[in-house]
Amino acid sequence: MDSTDRKILQLLQADADQTVKQIAAQIPLSVTPCWKRIQKLEKDGVIRARVALLDSGKVNAAVTVFVAIKTDQHTTEWMERFDRAVSDLPEVMEIYRMSGEVDYLLRVVVSSIEAYDRFYKTLVDRIELSNVTSSFAMEQIKFTTALPINIEV
């Protein structure tokens, strides 16, 4: 991947709705080579998907909860069960296995405290956990989906 590919990635992360012609003009590059580069980035899995980002408040999903989970079980079998237990819950936006005091960290998005309580009850019914600590986000200071791309590399 060269600096031209990185610039294409920056432009697509800023606005994936741009046409190939618009992207090519900003690089600058002609349309066909730009299109071929984008196709290769998609084929290689660098570009995983192009999605629409929604306004959480307008779709009734404005409550963000960070859920810290501790467990006393660390077997592969338990981790696979945990993955199955949480991965299909639509409220779970992200799941991380952590180092340190917390074993797993989930970012959960719900419509209300009551909706979170329903989510919590579903979660603890699905898998045994040692401790679950929930922290509610009071304000979102920064949100981005754009990964840092260093053009000069």
# chains A, B, ... in the order shown; residues from 1 in each chain; ligands from 1
>>> closest_atom_pairs(of="range 28-146 of chain A", to="range 1-23 of chain A", cutoff="9 Å", atoms="only C-alpha atoms", output="JSON lines")
{"residue": "A:Pro28", "atom": "CA", "partner": "A:Ile23", "partner_atom": "CA", "distance": 8.1}
{"residue": "A:Leu29", "atom": "CA", "partner": "A:Ile23", "partner_atom": "CA", "distance": 8.4}
{"residue": "A:Ser30", "atom": "CA", "partner": "A:Lys21", "partner_atom": "CA", "distance": 7.8}
{"residue": "A:Val31", "atom": "CA", "partner": "A:Lys21", "partner_atom": "CA", "distance": 5.5}
{"residue": "A:Thr32", "atom": "CA", "partner": "A:Val20", "partner_atom": "CA", "distance": 8.5}
{"residue": "A:Cys34", "atom": "CA", "partner": "A:Val20", "partner_atom": "CA", "distance": 6.8}
{"residue": "A:Trp35", "atom": "CA", "partner": "A:Val20", "partner_atom": "CA", "distance": 6.1}
{"residue": "A:Arg37", "atom": "CA", "partner": "A:Asp5", "partner_atom": "CA", "distance": 6.9}
{"residue": "A:Ile38", "atom": "CA", "partner": "A:Ile8", "partner_atom": "CA", "distance": 7.5}
{"residue": "A:Leu41", "atom": "CA", "partner": "A:Asp5", "partner_atom": "CA", "distance": 8.0}
{"residue": "A:Val46", "atom": "CA", "partner": "A:Leu9", "partner_atom": "CA", "distance": 8.9}
{"residue": "A:Ile47", "atom": "CA", "partner": "A:Leu9", "partner_atom": "CA", "distance": 8.0}
{"residue": "A:Arg50", "atom": "CA", "partner": "A:Ala16", "partner_atom": "CA", "distance": 6.4}
{"residue": "A:Val51", "atom": "CA", "partner": "A:Ala16", "partner_atom": "CA", "distance": 7.8}
{"residue": "A:Ala52", "atom": "CA", "partner": "A:Ala16", "partner_atom": "CA", "distance": 8.7}
{"residue": "A:Thr145", "atom": "CA", "partner": "A:Gln13", "partner_atom": "CA", "distance": 7.5}
{"residue": "A:Ala146", "atom": "CA", "partner": "A:Gln13", "partner_atom": "CA", "distance": 5.4}
>>> closest_residue(among="A:Ile27, A:Ile113, A:Ala49, A:Leu106", to="Lys70 in chain A", atoms="only C-alpha atoms")
A:Leu106
>>> closest_residue(among="A:Ile141, A:Lys121, A:Leu129, A:Ile69", to="Gly100 in chain A", atoms="only C-alpha atoms")
A:Ile69
>>> select_by_dssp(residues="range 5-96 of chain A", states="helix (DSSP H, G or I)", output="MDAnalysis selection string")
chainID A and resid 5:14 20:26 31:43 56:59 76:87
>>> write_last_selection(atoms="C-alpha atoms", output="compact mmCIF listing (two decimals), in the first residue's frame")
# COMPACT_ATOMS: atom_id res chain seq x y z
CA ASP A 5 -3.83 4.14 -1.53
CA ARG A 6 -3.64 5.81 1.89
CA LYS A 7 -5.07 9.04 0.47
CA ILE A 8 -7.92 7.07 -1.13
CA LEU A 9 -8.62 5.45 2.25
CA GLN A 10 -8.67 8.84 3.98
CA LEU A 11 -11.11 10.21 1.44
CA LEU A 12 -13.39 7.17 1.64
CA GLN A 13 -13.39 7.27 5.46
CA ALA A 14 -14.44 10.92 5.33
CA VAL A 20 -14.66 7.48 -8.06
CA LYS A 21 -14.38 10.58 -10.24
CA GLN A 22 -14.57 12.85 -7.17
CA ILE A 23 -11.95 10.79 -5.34
CA ALA A 24 -9.64 10.65 -8.36
CA ALA A 25 -9.79 14.44 -8.72
CA GLN A 26 -8.60 14.94 -5.13
CA VAL A 31 -10.63 7.60 -12.88
CA THR A 32 -9.73 4.10 -14.10
CA PRO A 33 -6.54 3.67 -12.03
CA CYS A 34 -8.36 5.10 -9.01
CA TRP A 35 -11.23 2.62 -9.48
CA LYS A 36 -8.74 -0.26 -9.84
CA ARG A 37 -7.00 0.76 -6.60
CA ILE A 38 -10.32 0.89 -4.73
CA GLN A 39 -11.27 -2.52 -6.13
CA LYS A 40 -7.93 -3.97 -4.97
CA LEU A 41 -8.32 -2.44 -1.49
CA GLU A 42 -11.76 -4.07 -1.28
CA LYS A 43 -10.50 -7.44 -2.62
CA SER A 56 -28.35 7.69 17.41
CA GLY A 57 -30.79 10.23 18.83
CA LYS A 58 -33.00 10.11 15.76
CA VAL A 59 -33.23 6.30 15.81
CA THR A 76 -11.41 -21.72 25.47
CA GLU A 77 -14.78 -23.43 25.84
CA TRP A 78 -16.09 -20.66 28.13
CA MET A 79 -14.74 -17.91 25.85
CA GLU A 80 -16.55 -19.50 22.90
CA ARG A 81 -19.77 -19.68 24.92
CA PHE A 82 -19.33 -16.04 25.92
CA ASP A 83 -18.83 -15.06 22.29
CA ARG A 84 -22.03 -16.87 21.29
CA ALA A 85 -23.93 -15.37 24.25
CA VAL A 86 -23.16 -11.73 23.44
CA SER A 87 -22.41 -11.52 19.72
>>> select_by_dssp(residues="chain A", states="strand (DSSP E or B)", output="PyMOL selection string")
chain A and resi 63-70+92-97+104-110+131-136
>>> write_last_selection(atoms="C-alpha atoms", output="compact mmCIF listing (two decimals), in the first residue's frame")
# COMPACT_ATOMS: atom_id res chain seq x y z
CA VAL A 63 -27.94 5.78 25.62
CA THR A 64 -24.39 4.43 25.48
CA VAL A 65 -23.28 2.05 28.21
CA PHE A 66 -19.79 0.66 28.73
CA VAL A 67 -20.11 -2.73 30.36
CA ALA A 68 -17.04 -4.09 32.18
CA ILE A 69 -17.21 -7.83 32.70
CA LYS A 70 -15.11 -9.99 34.99
CA VAL A 92 -23.80 -4.79 21.63
CA MET A 93 -21.85 -2.58 19.28
CA GLU A 94 -18.32 -3.64 20.24
CA ILE A 95 -16.72 -6.40 22.31
CA TYR A 96 -13.13 -6.39 23.53
CA ARG A 97 -11.20 -9.00 25.49
CA TYR A 104 -14.22 -7.98 28.68
CA LEU A 105 -15.46 -4.53 27.75
CA LEU A 106 -18.67 -4.06 25.80
CA ARG A 107 -20.06 -0.92 24.23
CA VAL A 108 -23.83 -1.22 24.37
CA VAL A 109 -26.34 1.17 22.84
CA VAL A 110 -29.96 1.26 24.03
CA ASN A 131 -18.98 -9.23 38.02
CA VAL A 132 -20.72 -6.80 35.67
CA THR A 133 -20.14 -3.07 36.06
CA SER A 134 -22.03 -0.60 33.90
CA SER A 135 -20.94 2.97 33.19
CA PHE A 136 -23.36 5.26 31.39
>>> atom_distance(atom1="CA of Asp55 in chain A", atom2="CA of Asn150 in chain A")
28.2 Å
>>> atom_distance(atom1="CA of Asp125 in chain A", atom2="CA of Leu89 in chain A")
12.7 Å
>>> closest_residue(among="A:Gln73, A:Asp88, A:Ser111, A:Val124", to="Asn60 in chain A", atoms="only C-alpha atoms")
A:Ser111
